[in-house]
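File shown: input39.cif. Contents: mmCIF, C-alpha atoms.
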data_entry
#
loop_
_atom_site.group_PDB
_atom_site.id
_atom_site.type_symbol
_atom_site.label_atom_id
_atom_site.label_comp_id
_atom_site.auth_asym_id
_atom_site.auth_seq_id
_atom_site.Cartn_x
_atom_site.Cartn_y
_atom_site.Cartn_z
ATOM 1 C CA MET A 16 -51.829 -4.048 18.468
ATOM 2 C CA SER A 17 -51.147 -0.960 20.552
ATOM 3 C CA ASP A 18 -47.934 -2.422 21.972
ATOM 4 C CA ASP A 19 -46.746 -3.406 18.495
ATOM 5 C CA ARG A 20 -44.277 -0.547 18.160
ATOM 6 C CA LEU A 21 -41.767 0.101 15.492
ATOM 7 C CA THR A 22 -38.389 1.282 16.736
ATOM 8 C CA ILE A 23 -35.765 2.821 14.474
ATOM 9 C CA ALA A 24 -32.525 4.302 15.787
ATOM 10 C CA GLY A 25 -33.979 4.295 19.287
ATOM 11 C CA ILE A 26 -37.059 6.256 18.222
ATOM 12 C CA ASP A 27 -40.450 4.662 18.892
ATOM 13 C CA PHE A 28 -43.045 5.007 16.171
ATOM 14 C CA ARG A 29 -46.694 4.584 17.051
ATOM 15 C CA SER A 30 -48.047 4.077 13.549
ATOM 16 C CA ARG A 31 -47.018 1.826 10.716
ATOM 17 C CA LEU A 32 -48.616 4.052 8.146
ATOM 18 C CA TRP A 33 -46.520 7.098 7.333
ATOM 19 C CA VAL A 34 -47.806 9.804 5.047
ATOM 20 C CA GLY A 35 -46.590 12.618 2.853
ATOM 21 C CA THR A 36 -48.067 16.109 2.965
ATOM 22 C CA GLY A 37 -47.982 17.036 -0.720
ATOM 23 C CA LYS A 38 -50.732 17.410 -3.314
ATOM 24 C CA TYR A 39 -53.614 18.209 -0.990
ATOM 25 C CA LYS A 40 -56.183 20.885 -1.866
ATOM 26 C CA ASP A 41 -55.280 22.962 1.181
ATOM 27 C CA PHE A 42 -53.827 22.712 4.676
ATOM 28 C CA ILE A 43 -57.190 21.869 6.230
ATOM 29 C CA GLU A 44 -57.556 18.841 3.984
ATOM 30 C CA THR A 45 -53.947 17.871 4.686
ATOM 31 C CA GLN A 46 -54.605 18.056 8.412
ATOM 32 C CA LYS A 47 -57.860 16.086 8.278
ATOM 33 C CA ALA A 48 -56.426 13.362 6.051
ATOM 34 C CA ILE A 49 -53.400 12.931 8.270
ATOM 35 C CA GLU A 50 -55.601 12.735 11.349
ATOM 36 C CA ALA A 51 -57.778 10.120 9.669
ATOM 37 C CA SER A 52 -54.729 8.080 8.662
ATOM 38 C CA GLY A 53 -53.570 7.779 12.255
ATOM 39 C CA ALA A 54 -50.002 8.364 11.081
ATOM 40 C CA ASP A 55 -47.529 9.790 13.553
ATOM 41 C CA VAL A 56 -44.866 10.433 10.924
ATOM 42 C CA VAL A 57 -45.271 12.908 8.106
ATOM 43 C CA THR A 58 -42.806 13.739 5.383
ATOM 44 C CA VAL A 59 -42.198 17.307 4.273
ATOM 45 C CA ALA A 60 -40.161 18.916 1.528
ATOM 46 C CA VAL A 61 -37.416 21.477 2.030
ATOM 47 C CA ARG A 62 -37.912 24.638 -0.009
ATOM 48 C CA ARG A 63 -37.273 28.374 -0.113
ATOM 49 C CA VAL A 64 -39.539 30.308 2.230
ATOM 50 C CA ASN A 65 -41.982 32.534 0.381
ATOM 51 C CA ILE A 66 -40.526 35.992 0.951
ATOM 52 C CA THR A 67 -42.966 38.035 -1.114
ATOM 53 C CA ASP A 68 -46.210 36.694 0.313
ATOM 54 C CA ARG A 69 -45.650 36.522 4.043
ATOM 55 C CA LYS A 70 -49.339 36.117 4.708
ATOM 56 C CA SER A 71 -49.171 32.631 3.265
ATOM 57 C CA GLU A 72 -49.626 30.109 6.033
ATOM 58 C CA ASN A 73 -47.130 27.546 7.109
ATOM 59 C CA LEU A 74 -47.718 23.810 6.906
ATOM 60 C CA LEU A 75 -46.329 23.406 10.412
ATOM 61 C CA ASP A 76 -49.156 25.575 11.771
ATOM 62 C CA TYR A 77 -51.444 22.707 10.786
ATOM 63 C CA ILE A 78 -49.156 19.731 11.297
ATOM 64 C CA SER A 79 -47.526 20.481 14.612
ATOM 65 C CA PRO A 80 -44.055 19.057 15.264
ATOM 66 C CA LYS A 81 -45.295 18.563 18.819
ATOM 67 C CA THR A 82 -47.869 16.040 17.634
ATOM 68 C CA TYR A 83 -46.148 14.516 14.618
ATOM 69 C CA LYS A 84 -42.652 13.335 13.859
ATOM 70 C CA ILE A 85 -41.558 15.456 10.937
ATOM 71 C CA LEU A 86 -39.439 13.622 8.392
ATOM 72 C CA PRO A 87 -37.885 16.066 5.913
ATOM 73 C CA ASN A 88 -37.053 14.660 2.515
ATOM 74 C CA THR A 89 -34.645 15.569 -0.256
ATOM 75 C CA ALA A 90 -37.305 15.229 -2.957
ATOM 76 C CA GLY A 91 -36.349 16.868 -6.208
ATOM 77 C CA CYS A 92 -32.604 16.257 -5.749
ATOM 78 C CA TYR A 93 -30.967 14.677 -8.769
ATOM 79 C CA ASN A 94 -27.395 14.473 -7.505
ATOM 80 C CA VAL A 95 -25.437 13.760 -4.346
ATOM 81 C CA GLU A 96 -24.388 17.373 -3.806
ATOM 82 C CA ASP A 97 -27.966 18.704 -3.851
ATOM 83 C CA ALA A 98 -29.225 15.895 -1.625
ATOM 84 C CA LEU A 99 -26.518 16.671 0.948
ATOM 85 C CA ARG A 100 -27.295 20.387 0.806
ATOM 86 C CA TYR A 101 -31.030 19.849 1.362
ATOM 87 C CA ALA A 102 -30.452 17.309 4.127
ATOM 88 C CA ARG A 103 -28.120 19.663 5.985
ATOM 89 C CA LEU A 104 -30.535 22.577 5.611
ATOM 90 C CA ALA A 105 -33.374 20.410 6.899
ATOM 91 C CA ARG A 106 -31.386 19.554 9.995
ATOM 92 C CA ALA A 107 -30.344 23.169 10.453
ATOM 93 C CA ALA A 108 -34.036 24.123 10.523
ATOM 94 C CA GLY A 109 -33.941 22.398 13.872
ATOM 95 C CA ILE A 110 -36.698 19.822 13.768
ATOM 96 C CA SER A 111 -34.772 16.573 13.802
ATOM 97 C CA ASP A 112 -31.748 14.595 12.669
ATOM 98 C CA MET A 113 -33.932 12.360 10.528
ATOM 99 C CA VAL A 114 -33.849 12.725 6.785
ATOM 100 C CA LYS A 115 -35.622 10.806 4.071
ATOM 101 C CA LEU A 116 -32.842 10.646 1.552
ATOM 102 C CA GLU A 117 -33.842 10.700 -2.084
ATOM 103 C CA VAL A 118 -31.325 10.917 -4.888
ATOM 104 C CA ILE A 119 -33.478 10.723 -7.970
ATOM 105 C CA GLY A 120 -31.996 9.237 -11.100
ATOM 106 C CA ASP A 121 -34.479 10.083 -13.792
ATOM 107 C CA GLU A 122 -37.406 12.470 -14.219
ATOM 108 C CA LYS A 123 -39.625 10.083 -16.088
ATOM 109 C CA THR A 124 -39.501 7.202 -13.631
ATOM 110 C CA LEU A 125 -38.283 9.013 -10.504
ATOM 111 C CA PHE A 126 -36.368 5.832 -9.778
ATOM 112 C CA PRO A 127 -33.579 6.291 -7.262
ATOM 113 C CA ASP A 128 -29.993 6.715 -8.391
ATOM 114 C CA THR A 129 -28.761 3.991 -6.066
ATOM 115 C CA ALA A 130 -25.063 4.692 -6.620
ATOM 116 C CA GLY A 131 -25.635 8.322 -5.644
ATOM 117 C CA LEU A 132 -27.879 7.237 -2.778
ATOM 118 C CA ILE A 133 -25.196 5.045 -1.225
ATOM 119 C CA GLU A 134 -22.599 7.790 -1.609
ATOM 120 C CA ALA A 135 -24.828 10.444 -0.018
ATOM 121 C CA ALA A 136 -26.054 8.099 2.737
ATOM 122 C CA LYS A 137 -22.477 7.265 3.722
ATOM 123 C CA ILE A 138 -21.648 10.945 4.234
ATOM 124 C CA LEU A 139 -24.847 11.780 6.109
ATOM 125 C CA VAL A 140 -24.552 8.780 8.435
ATOM 126 C CA LYS A 141 -21.021 9.964 9.307
ATOM 127 C CA GLU A 142 -22.435 13.413 10.040
ATOM 128 C CA GLY A 143 -24.845 11.873 12.538
ATOM 129 C CA PHE A 144 -28.043 11.894 10.503
ATOM 130 C CA ILE A 145 -30.644 9.174 10.869
ATOM 131 C CA VAL A 146 -30.939 8.324 7.198
ATOM 132 C CA PHE A 147 -34.153 6.887 5.737
ATOM 133 C CA PRO A 148 -33.006 5.939 2.243
ATOM 134 C CA TYR A 149 -35.539 5.777 -0.583
ATOM 135 C CA THR A 150 -34.233 2.899 -2.662
ATOM 136 C CA ASN A 151 -35.070 0.348 -5.300
ATOM 137 C CA ASP A 152 -36.521 -3.080 -4.529
ATOM 138 C CA ASP A 153 -32.977 -4.387 -4.874
ATOM 139 C CA PRO A 154 -31.820 -6.567 -1.954
ATOM 140 C CA ILE A 155 -28.130 -6.014 -2.699
ATOM 141 C CA VAL A 156 -28.450 -2.227 -2.609
ATOM 142 C CA ALA A 157 -30.469 -2.555 0.611
ATOM 143 C CA LYS A 158 -27.641 -4.591 2.150
ATOM 144 C CA ARG A 159 -25.097 -2.003 1.084
ATOM 145 C CA LEU A 160 -27.176 0.735 2.718
ATOM 146 C CA VAL A 161 -27.286 -1.223 5.970
ATOM 147 C CA ASP A 162 -23.530 -1.924 5.734
ATOM 148 C CA ILE A 163 -22.789 1.788 5.622
ATOM 149 C CA GLY A 164 -24.936 2.483 8.675
ATOM 150 C CA CYS A 165 -28.543 2.994 7.592
ATOM 151 C CA GLN A 166 -30.869 1.731 10.323
ATOM 152 C CA VAL A 167 -33.850 1.385 7.991
ATOM 153 C CA VAL A 168 -34.413 0.965 4.254
ATOM 154 C CA MET A 169 -37.302 2.249 2.177
ATOM 155 C CA PRO A 170 -37.720 0.294 -1.032
ATOM 156 C CA LEU A 171 -40.290 1.366 -3.600
ATOM 157 C CA ALA A 172 -43.269 -0.804 -4.497
ATOM 158 C CA ALA A 173 -43.615 0.893 -7.896
ATOM 159 C CA PRO A 174 -42.686 4.282 -9.382
ATOM 160 C CA ILE A 175 -43.595 7.291 -7.221
ATOM 161 C CA GLY A 176 -47.195 8.385 -7.751
ATOM 162 C CA SER A 177 -47.890 5.532 -10.175
ATOM 163 C CA GLY A 178 -50.404 3.683 -8.004
ATOM 164 C CA LEU A 179 -49.324 0.420 -9.591
ATOM 165 C CA GLY A 180 -49.011 -1.453 -6.322
ATOM 166 C CA ILE A 181 -46.254 -3.941 -5.567
ATOM 167 C CA ARG A 182 -44.566 -4.690 -8.892
ATOM 168 C CA ASN A 183 -42.079 -7.180 -7.604
ATOM 169 C CA PRO A 184 -43.281 -8.910 -4.451
ATOM 170 C CA TYR A 185 -40.581 -11.573 -4.613
ATOM 171 C CA ASN A 186 -37.776 -9.029 -4.661
ATOM 172 C CA LEU A 187 -39.374 -7.253 -1.730
ATOM 173 C CA LYS A 188 -39.591 -10.520 0.201
ATOM 174 C CA ILE A 189 -35.950 -11.309 -0.529
ATOM 175 C CA LEU A 190 -35.015 -7.779 0.491
ATOM 176 C CA MET A 191 -36.845 -8.147 3.813
ATOM 177 C CA GLU A 192 -34.981 -11.366 4.486
ATOM 178 C CA ALA A 193 -31.666 -9.888 3.401
ATOM 179 C CA VAL A 194 -31.531 -7.029 5.882
ATOM 180 C CA ASN A 195 -31.827 -6.990 9.666
ATOM 181 C CA VAL A 196 -33.290 -3.483 9.887
ATOM 182 C CA PRO A 197 -36.894 -2.298 9.489
ATOM 183 C CA VAL A 198 -38.164 -2.138 5.911
ATOM 184 C CA ILE A 199 -40.655 0.560 4.990
ATOM 185 C CA VAL A 200 -42.338 0.194 1.639
ATOM 186 C CA ASP A 201 -42.306 3.607 0.034
ATOM 187 C CA ALA A 202 -43.968 4.740 -3.165
ATOM 188 C CA GLY A 203 -46.271 3.133 -5.693
ATOM 189 C CA VAL A 204 -49.186 2.099 -3.476
ATOM 190 C CA GLY A 205 -52.511 2.702 -5.253
ATOM 191 C CA THR A 206 -55.202 1.533 -2.892
ATOM 192 C CA ALA A 207 -55.847 -0.151 0.445
ATOM 193 C CA SER A 208 -55.191 -3.708 -0.712
ATOM 194 C CA ASP A 209 -51.694 -2.706 -1.898
ATOM 195 C CA ALA A 210 -50.887 -1.422 1.572
ATOM 196 C CA ALA A 211 -52.331 -4.531 3.234
ATOM 197 C CA LEU A 212 -50.309 -6.742 0.923
ATOM 198 C CA ALA A 213 -47.084 -4.908 1.697
ATOM 199 C CA MET A 214 -47.695 -5.455 5.393
ATOM 200 C CA GLU A 215 -48.654 -9.118 4.868
ATOM 201 C CA TYR A 216 -45.337 -9.635 3.117
ATOM 202 C CA GLY A 217 -43.655 -8.453 6.276
ATOM 203 C CA ALA A 218 -42.990 -4.764 5.709
ATOM 204 C CA ASP A 219 -42.549 -2.885 8.969
ATOM 205 C CA ALA A 220 -44.436 0.151 7.691
ATOM 206 C CA VAL A 221 -45.761 1.767 4.521
ATOM 207 C CA LEU A 222 -45.223 5.342 3.405
ATOM 208 C CA MET A 223 -47.534 6.960 0.895
ATOM 209 C CA ASN A 224 -48.724 10.328 -0.331
ATOM 210 C CA THR A 225 -50.404 10.285 -3.728
ATOM 211 C CA ALA A 226 -52.626 7.265 -2.993
ATOM 212 C CA ILE A 227 -54.332 9.335 -0.299
ATOM 213 C CA ALA A 228 -53.989 12.907 -1.557
ATOM 214 C CA GLY A 229 -54.952 11.936 -5.110
ATOM 215 C CA ALA A 230 -58.038 9.894 -4.151
ATOM 216 C CA LYS A 231 -61.477 11.357 -4.867
ATOM 217 C CA GLU A 232 -62.084 11.456 -1.118
ATOM 218 C CA PRO A 233 -58.662 11.806 0.489
ATOM 219 C CA ILE A 234 -59.902 11.725 4.081
ATOM 220 C CA LEU A 235 -61.876 8.541 3.525
ATOM 221 C CA MET A 236 -58.929 6.943 1.738
ATOM 222 C CA ALA A 237 -56.644 7.930 4.598
ATOM 223 C CA GLU A 238 -58.883 6.008 6.967
ATOM 224 C CA ALA A 239 -59.053 3.042 4.589
ATOM 225 C CA MET A 240 -55.251 2.979 4.530
ATOM 226 C CA LYS A 241 -55.106 2.993 8.305
ATOM 227 C CA TYR A 242 -57.240 -0.139 8.498
ATOM 228 C CA ALA A 243 -55.431 -1.774 5.576
ATOM 229 C CA VAL A 244 -52.082 -1.369 7.294
ATOM 230 C CA TRP A 245 -53.513 -2.701 10.557
ATOM 231 C CA ALA A 246 -55.150 -5.670 8.814
ATOM 232 C CA GLY A 247 -51.998 -6.481 6.874
ATOM 233 C CA ARG A 248 -49.836 -6.271 9.967
ATOM 234 C CA MET A 249 -52.180 -8.469 12.015
ATOM 235 C CA ALA A 250 -52.406 -11.056 9.231
ATOM 236 C CA TYR A 251 -48.615 -11.110 8.986
ATOM 237 C CA LYS A 252 -48.283 -11.710 12.702
ATOM 238 C CA ALA A 253 -51.068 -14.292 12.694
ATOM 239 C CA GLY A 254 -49.388 -16.260 9.901
ATOM 240 C CA ARG A 255 -51.326 -17.135 6.799
ATOM 241 C CA ILE A 256 -52.221 -20.715 5.820
ATOM 242 C CA PRO A 257 -50.188 -22.329 3.057
ATOM 243 C CA ARG A 258 -51.633 -22.270 -0.445
ATOM 244 C CA LYS A 259 -52.866 -25.691 -1.597
ATOM 245 C CA LEU A 260 -54.109 -26.756 -4.976
ATOM 246 C CA TYR A 261 -57.034 -28.858 -3.732
ATOM 247 C CA ALA A 262 -59.810 -28.378 -1.222
ATOM 248 C CA THR A 263 -59.584 -29.235 2.459
ATOM 249 C CA ALA A 264 -62.987 -29.648 4.113
ATOM 250 C CA SER A 265 -63.675 -27.338 7.013
ATOM 251 C CA SER A 266 -66.532 -29.452 8.407
ATOM 252 C CA PRO A 267 -65.913 -32.869 9.980
ATOM 253 C CA ILE A 268 -66.933 -35.999 8.072
ATOM 254 C CA GLU A 269 -67.843 -37.838 11.310
ATOM 255 C CA GLY A 270 -71.517 -37.844 12.171
ATOM 256 C CA MET A 271 -72.708 -37.570 8.609
ATOM 257 C CA LEU A 272 -75.722 -39.668 7.650
ATOM 258 C CA MET B 21 -26.371 47.621 0.042
ATOM 259 C CA ARG B 22 -27.714 44.846 -2.066
ATOM 260 C CA ILE B 23 -27.962 41.128 -1.354
ATOM 261 C CA THR B 24 -29.554 38.255 -3.208
ATOM 262 C CA LEU B 25 -32.313 36.751 -1.079
ATOM 263 C CA ASN B 26 -33.848 33.474 -2.230
ATOM 264 C CA GLY B 27 -32.686 34.232 -5.747
ATOM 265 C CA GLU B 28 -33.972 37.803 -5.871
ATOM 266 C CA ALA B 29 -32.150 41.109 -5.412
ATOM 267 C CA ARG B 30 -32.991 42.963 -2.210
ATOM 268 C CA GLU B 31 -31.839 46.202 -0.608
ATOM 269 C CA VAL B 32 -30.894 45.867 3.042
ATOM 270 C CA THR B 33 -29.288 48.244 5.498
ATOM 271 C CA GLU B 34 -25.525 48.227 5.844
ATOM 272 C CA GLY B 35 -24.367 45.538 8.256
ATOM 273 C CA GLN B 36 -27.857 44.172 8.957
ATOM 274 C CA SER B 37 -27.802 40.918 10.893
ATOM 275 C CA VAL B 38 -29.457 37.679 9.781
ATOM 276 C CA ALA B 39 -31.785 37.863 12.806
ATOM 277 C CA SER B 40 -32.861 41.382 11.895
ATOM 278 C CA LEU B 41 -33.433 40.425 8.265
ATOM 279 C CA LEU B 42 -35.708 37.550 9.354
ATOM 280 C CA ALA B 43 -37.573 39.897 11.685
ATOM 281 C CA ASP B 44 -38.062 42.402 8.829
ATOM 282 C CA LEU B 45 -39.464 39.584 6.713
ATOM 283 C CA GLY B 46 -41.802 38.468 9.481
ATOM 284 C CA ILE B 47 -40.245 35.018 9.570
ATOM 285 C CA GLN B 48 -40.086 32.945 12.755
ATOM 286 C CA ALA B 49 -36.407 32.116 13.066
ATOM 287 C CA GLU B 50 -37.014 28.798 14.811
ATOM 288 C CA ARG B 51 -38.717 27.291 11.786
ATOM 289 C CA VAL B 52 -36.169 28.062 9.102
ATOM 290 C CA ALA B 53 -32.596 27.412 8.106
ATOM 291 C CA VAL B 54 -30.409 30.123 6.652
ATOM 292 C CA GLU B 55 -27.639 29.616 4.159
ATOM 293 C CA LEU B 56 -25.163 32.438 3.576
ATOM 294 C CA ASN B 57 -22.992 32.108 0.474
ATOM 295 C CA LEU B 58 -23.622 28.335 0.474
ATOM 296 C CA THR B 59 -22.663 27.915 4.136
ATOM 297 C CA ILE B 60 -25.330 27.142 6.727
ATOM 298 C CA VAL B 61 -25.573 29.770 9.452
ATOM 299 C CA ASP B 62 -25.831 28.272 12.937
ATOM 300 C CA ARG B 63 -29.078 29.585 14.411
ATOM 301 C CA GLN B 64 -27.220 30.558 17.590
ATOM 302 C CA THR B 65 -25.299 33.104 15.510
ATOM 303 C CA PHE B 66 -28.220 34.708 13.601
ATOM 304 C CA THR B 67 -27.886 37.837 15.743
ATOM 305 C CA GLY B 68 -24.138 38.065 15.470
ATOM 306 C CA THR B 69 -23.896 37.418 11.729
ATOM 307 C CA SER B 70 -23.829 40.618 9.667
ATOM 308 C CA LEU B 71 -24.647 40.675 5.985
ATOM 309 C CA ARG B 72 -22.296 42.163 3.420
ATOM 310 C CA ASP B 73 -22.883 43.680 0.032
ATOM 311 C CA GLY B 74 -23.295 40.966 -2.605
ATOM 312 C CA ASP B 75 -24.153 38.188 -0.127
ATOM 313 C CA ARG B 76 -26.290 35.350 -1.360
ATOM 314 C CA VAL B 77 -28.823 34.405 1.296
ATOM 315 C CA GLU B 78 -31.216 31.477 1.225
ATOM 316 C CA VAL B 79 -34.023 31.141 3.757
ATOM 317 C CA ILE B 80 -35.349 27.609 3.758
ATOM 318 C CA GLY B 81 -38.381 26.061 5.419
ATOM 319 C CA PHE B 82 -40.671 23.053 5.151
ATOM 320 C CA ILE B 83 -43.570 22.752 2.743
ATOM 321 C CA GLY B 84 -46.105 20.091 1.925
ATOM 322 C CA GLY B 85 -44.418 17.305 0.090
ATOM 323 C CA GLY B 86 -43.759 13.745 0.567
ATOM 324 C CA ARG B 87 -42.800 12.681 -2.788
ATOM 325 C CA SER B 88 -40.563 13.768 -5.599
ATOM 326 C CA ASP B 89 -43.545 14.178 -7.880
ATOM 327 C CA ASP B 90 -44.624 17.183 -5.843
ATOM 328 C CA ASP B 91 -41.764 19.015 -7.397
ATOM 329 C CA GLU B 92 -42.885 21.404 -10.092
ATOM 330 C CA ARG B 93 -39.849 20.823 -12.249
#
Go ahead and express the file in the form of structure tokens.
Amino acid sequence: MSDDRLTIAGIDFRSRLWVGTGKYKDFIETQKAIEASGADVVTVAVRRVNITDRKSENLLDYISPKTYKILPNTAGCYNVEDALRYARLARAAGISDMVKLEVIGDEKTLFPDTAGLIEAAKILVKEGFIVFPYTNDDPIVAKRLVDIGCQVVMPLAAPIGSGLGIRNPYNLKILMEAVNVPVIVDAGVGTASDAALAMEYGADAVLMNTAIAGAKEPILMAEAMKYAVWAGRMAYKAGRIPRKLYATASSPIEGML
Amino acid sequence: MRITLNGEAREVTEGQSVASLLADLGIQAERVAVELNLTIVDRQTFTGTSLRDGDRVEVIGFIGGGRSDDDER
């Protein structure tokens, strides 16, 4: 599986499990969980630097941009203007041209505002960003995102942080067939089987944060997720057997007494 | 003179540069982005950009977060 690389916009990704860096107890736990997950991509949020307490440590002291691909997000942005501002600031901070674009539509569900997402993505693609759009499990929106130049789409499995798993597997399958770019299932995974299932359906990668950081034992769950994503990917490539209503004997009839 | 830095009032010396402000704050310039009156300051010009009275400065970096639900709002 080591040669089974994911390539997006000419960038090679080693892992198919991508992780967020929020909600951990401290930076040590963040670091250990990310190591255990085997992820080579981590998402980070863009925020004001703490001016008053300069002794406070920096996440990037623990998660080195030399080791990991840092994917800044626009989490917390509820309109196009804010999302553009955060994306541009993230790029100006000099780590990469990649941005995980979130334009959130509603505080209760944190569902994406897909109209705003398409509008913002269009502008950022023109400005040379590699846009990773956090979107709904809507194949038509996914196609629109690809039409305007997104080289990847990131549909949700369920609401962010909900842990509900894949709510609409059929939409996700249609979405994966509808676009010719990598599909990364983002948000809503609760446990290892959800991640495996997403990969079995044909997702190119899975991105999660809460499912690991919120587990009782985050480091152990990170490792479980690593294997789940591997298992799901291998099963997808191996090709599952068709479902049949009745039994098919595994042992030959010949030679029976 | 007085500027607004990350939303809070702050006294700085007349004509202080962005680079010197970051140094005073103990911030590594290569890990942050600076916005001056809503316009991003190119990091190549941190030294040559002087602050003026009333400027609104934002110093932005990366924190742990992966998801919108990390947001405190």
**Prompt:** Which residues of chain A are close to chain B, meaning at most 7 Å apart when you count all atoms listed in the file, and how do they look as a PyMOL selection string?
**Reply:** chain A and resi 35-38+58-64+66+69+74+90-91+104+107-108+175-176+224
Please dump the current selection as a PDB file, keeping the file's coordinate frame; keep C-alpha atoms.
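File written: again10.pdb
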ATOM      1  CA  GLY A  35     -46.590  12.618   2.853  1.00  0.00           C
ATOM      2  CA  THR A  36     -48.067  16.109   2.965  1.00  0.00           C
ATOM      3  CA  GLY A  37     -47.982  17.036  -0.720  1.00  0.00           C
ATOM      4  CA  LYS A  38     -50.732  17.410  -3.314  1.00  0.00           C
ATOM      5  CA  THR A  58     -42.806  13.739   5.383  1.00  0.00           C
ATOM      6  CA  VAL A  59     -42.198  17.307   4.273  1.00  0.00           C
ATOM      7  CA  ALA A  60     -40.161  18.916   1.528  1.00  0.00           C
ATOM      8  CA  VAL A  61     -37.416  21.477   2.030  1.00  0.00           C
ATOM      9  CA  ARG A  62     -37.912  24.638  -0.009  1.00  0.00           C
ATOM     10  CA  ARG A  63     -37.273  28.374  -0.113  1.00  0.00           C
ATOM     11  CA  VAL A  64     -39.539  30.308   2.230  1.00  0.00           C
ATOM     12  CA  ILE A  66     -40.526  35.992   0.951  1.00  0.00           C
ATOM     13  CA  ARG A  69     -45.650  36.522   4.043  1.00  0.00           C
ATOM     14  CA  LEU A  74     -47.718  23.810   6.906  1.00  0.00           C
ATOM     15  CA  ALA A  90     -37.305  15.229  -2.957  1.00  0.00           C
ATOM     16  CA  GLY A  91     -36.349  16.868  -6.208  1.00  0.00           C
ATOM     17  CA  LEU A 104     -30.535  22.577   5.611  1.00  0.00           C
ATOM     18  CA  ALA A 107     -30.344  23.169  10.453  1.00  0.00           C
ATOM     19  CA  ALA A 108     -34.036  24.123  10.523  1.00  0.00           C
ATOM     20  CA  ILE A 175     -43.595   7.291  -7.221  1.00  0.00           C
ATOM     21  CA  GLY A 176     -47.195   8.385  -7.751  1.00  0.00           C
ATOM     22  CA  ASN A 224     -48.724  10.328  -0.331  1.00  0.00           C
TER      23      ASN A 224
END
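A straight line drawn from atom CA of Thr22 of chain A to atom CA of Pro148 of chain A is 16.1 Å long.
Of the listed residues A:Asp112, A:Glu215, A:Glu269, A:Asp209, the one whose atoms come nearest to Arg255 of chain A is A:Glu215, with distances taken using all atoms listed in the file.
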Report as a PyMOL selection string all protein, DNA and RNA residues lying within 8 Å of Ile85 of chain A, evaluated on only C-alpha atoms, omitting residues in the same chain fewer than 2 positions from it.
chain A and resi 56-59+80+83+87+110-111
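For the atom pair formed by atom CA of Ala172 of chain A and atom CA of Val196 of chain A, the distance is 17.7 Å, given to one decimal.
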Here atom CA of Asp153 of chain A and atom CA of Ala202 of chain A stand apart by 14.4 Å
Test item: residues at most 9 Å from Val38 of chain B, all atoms listed in the file, excluding those fewer than 4 positions along its chain, as a compact mmCIF listing (two decimals) with C-alpha atoms, keeping the file's coordinate frame:
# COMPACT_ATOMS: atom_id res chain seq x y z
CA LEU B 42 -35.71 37.55 9.35
CA ALA B 43 -37.57 39.90 11.68
CA VAL B 54 -30.41 30.12 6.65
CA VAL B 61 -25.57 29.77 9.45
CA THR B 65 -25.30 33.10 15.51
CA PHE B 66 -28.22 34.71 13.60
CA THR B 67 -27.89 37.84 15.74
CA GLY B 68 -24.14 38.06 15.47
CA THR B 69 -23.90 37.42 11.73
CA SER B 70 -23.83 40.62 9.67
CA LEU B 71 -24.65 40.67 5.98
Q. Quick one: which residues end up in the PyMOL selection byres ((chain A and resi 23) around 10) for this structure, as number ranges by chain?
A. A: 20-22, 24-28, 145, 147, 165-167, 196-197
Selected residues, C-alpha atoms, written as an mmCIF file, keeping the file's coordinate frame, please.
data_model
loop_
_atom_site.group_PDB
_atom_site.id
_atom_site.type_symbol
_atom_site.label_atom_id
_atom_site.label_comp_id
_atom_site.auth_asym_id
_atom_site.auth_seq_id
_atom_site.Cartn_x
_atom_site.Cartn_y
_atom_site.Cartn_z
ATOM 1 C CA ARG A 20 -44.277 -0.547 18.160
ATOM 2 C CA LEU A 21 -41.767 0.101 15.492
ATOM 3 C CA THR A 22 -38.389 1.282 16.736
ATOM 4 C CA ALA A 24 -32.525 4.302 15.787
ATOM 5 C CA GLY A 25 -33.979 4.295 19.287
ATOM 6 C CA ILE A 26 -37.059 6.256 18.222
ATOM 7 C CA ASP A 27 -40.450 4.662 18.892
ATOM 8 C CA PHE A 28 -43.045 5.007 16.171
ATOM 9 C CA ILE A 145 -30.644 9.174 10.869
ATOM 10 C CA PHE A 147 -34.153 6.887 5.737
ATOM 11 C CA CYS A 165 -28.543 2.994 7.592
ATOM 12 C CA GLN A 166 -30.869 1.731 10.323
ATOM 13 C CA VAL A 167 -33.850 1.385 7.991
ATOM 14 C CA VAL A 196 -33.290 -3.483 9.887
ATOM 15 C CA PRO A 197 -36.894 -2.298 9.489
#
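Checking A:Val200, A:Ala105, A:Leu75, A:Leu132 one by one against Asn183 of chain A, counting all atoms listed in the file, you find the shortest gap at A:Val200.
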Residue members of the PyMOL selection byres ((chain A and resi 222) around 7) in the file shown, as a tab-separated table (two decimals) with C-alpha atoms, keeping the file's coordinate frame:
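Below is the file result_19.tsv, written as the result:
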chain	number	residue	atom	x	y	z
A	32	LEU	CA	-48.62	4.05	8.15
A	33	TRP	CA	-46.52	7.10	7.33
A	34	VAL	CA	-47.81	9.80	5.05
A	199	ILE	CA	-40.66	0.56	4.99
A	200	VAL	CA	-42.34	0.19	1.64
A	201	ASP	CA	-42.31	3.61	0.03
A	202	ALA	CA	-43.97	4.74	-3.16
A	220	ALA	CA	-44.44	0.15	7.69
A	221	VAL	CA	-45.76	1.77	4.52
A	223	MET	CA	-47.53	6.96	0.90
- Query: So what does the PyMOL selection byres ((chain A and resi 129) around 10) actually pick up in this one, as a list in words?
  - Reply: Glu117, Val118, Ile119, Gly120, Phe126, Pro127, Asp128, Ala130, Gly131, Leu132, Ile133, Glu134, Ala135, Pro148, Tyr149, Thr150, Asn151, Asp153, Val156, Ala157 and Leu160 of chain A
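Between Arg76 of chain B and the candidates B:Gln64, B:Ser40, B:Gln48, B:Thr24, the tightest atom-to-atom separation, counting only C-alpha atoms, involves B:Thr24.
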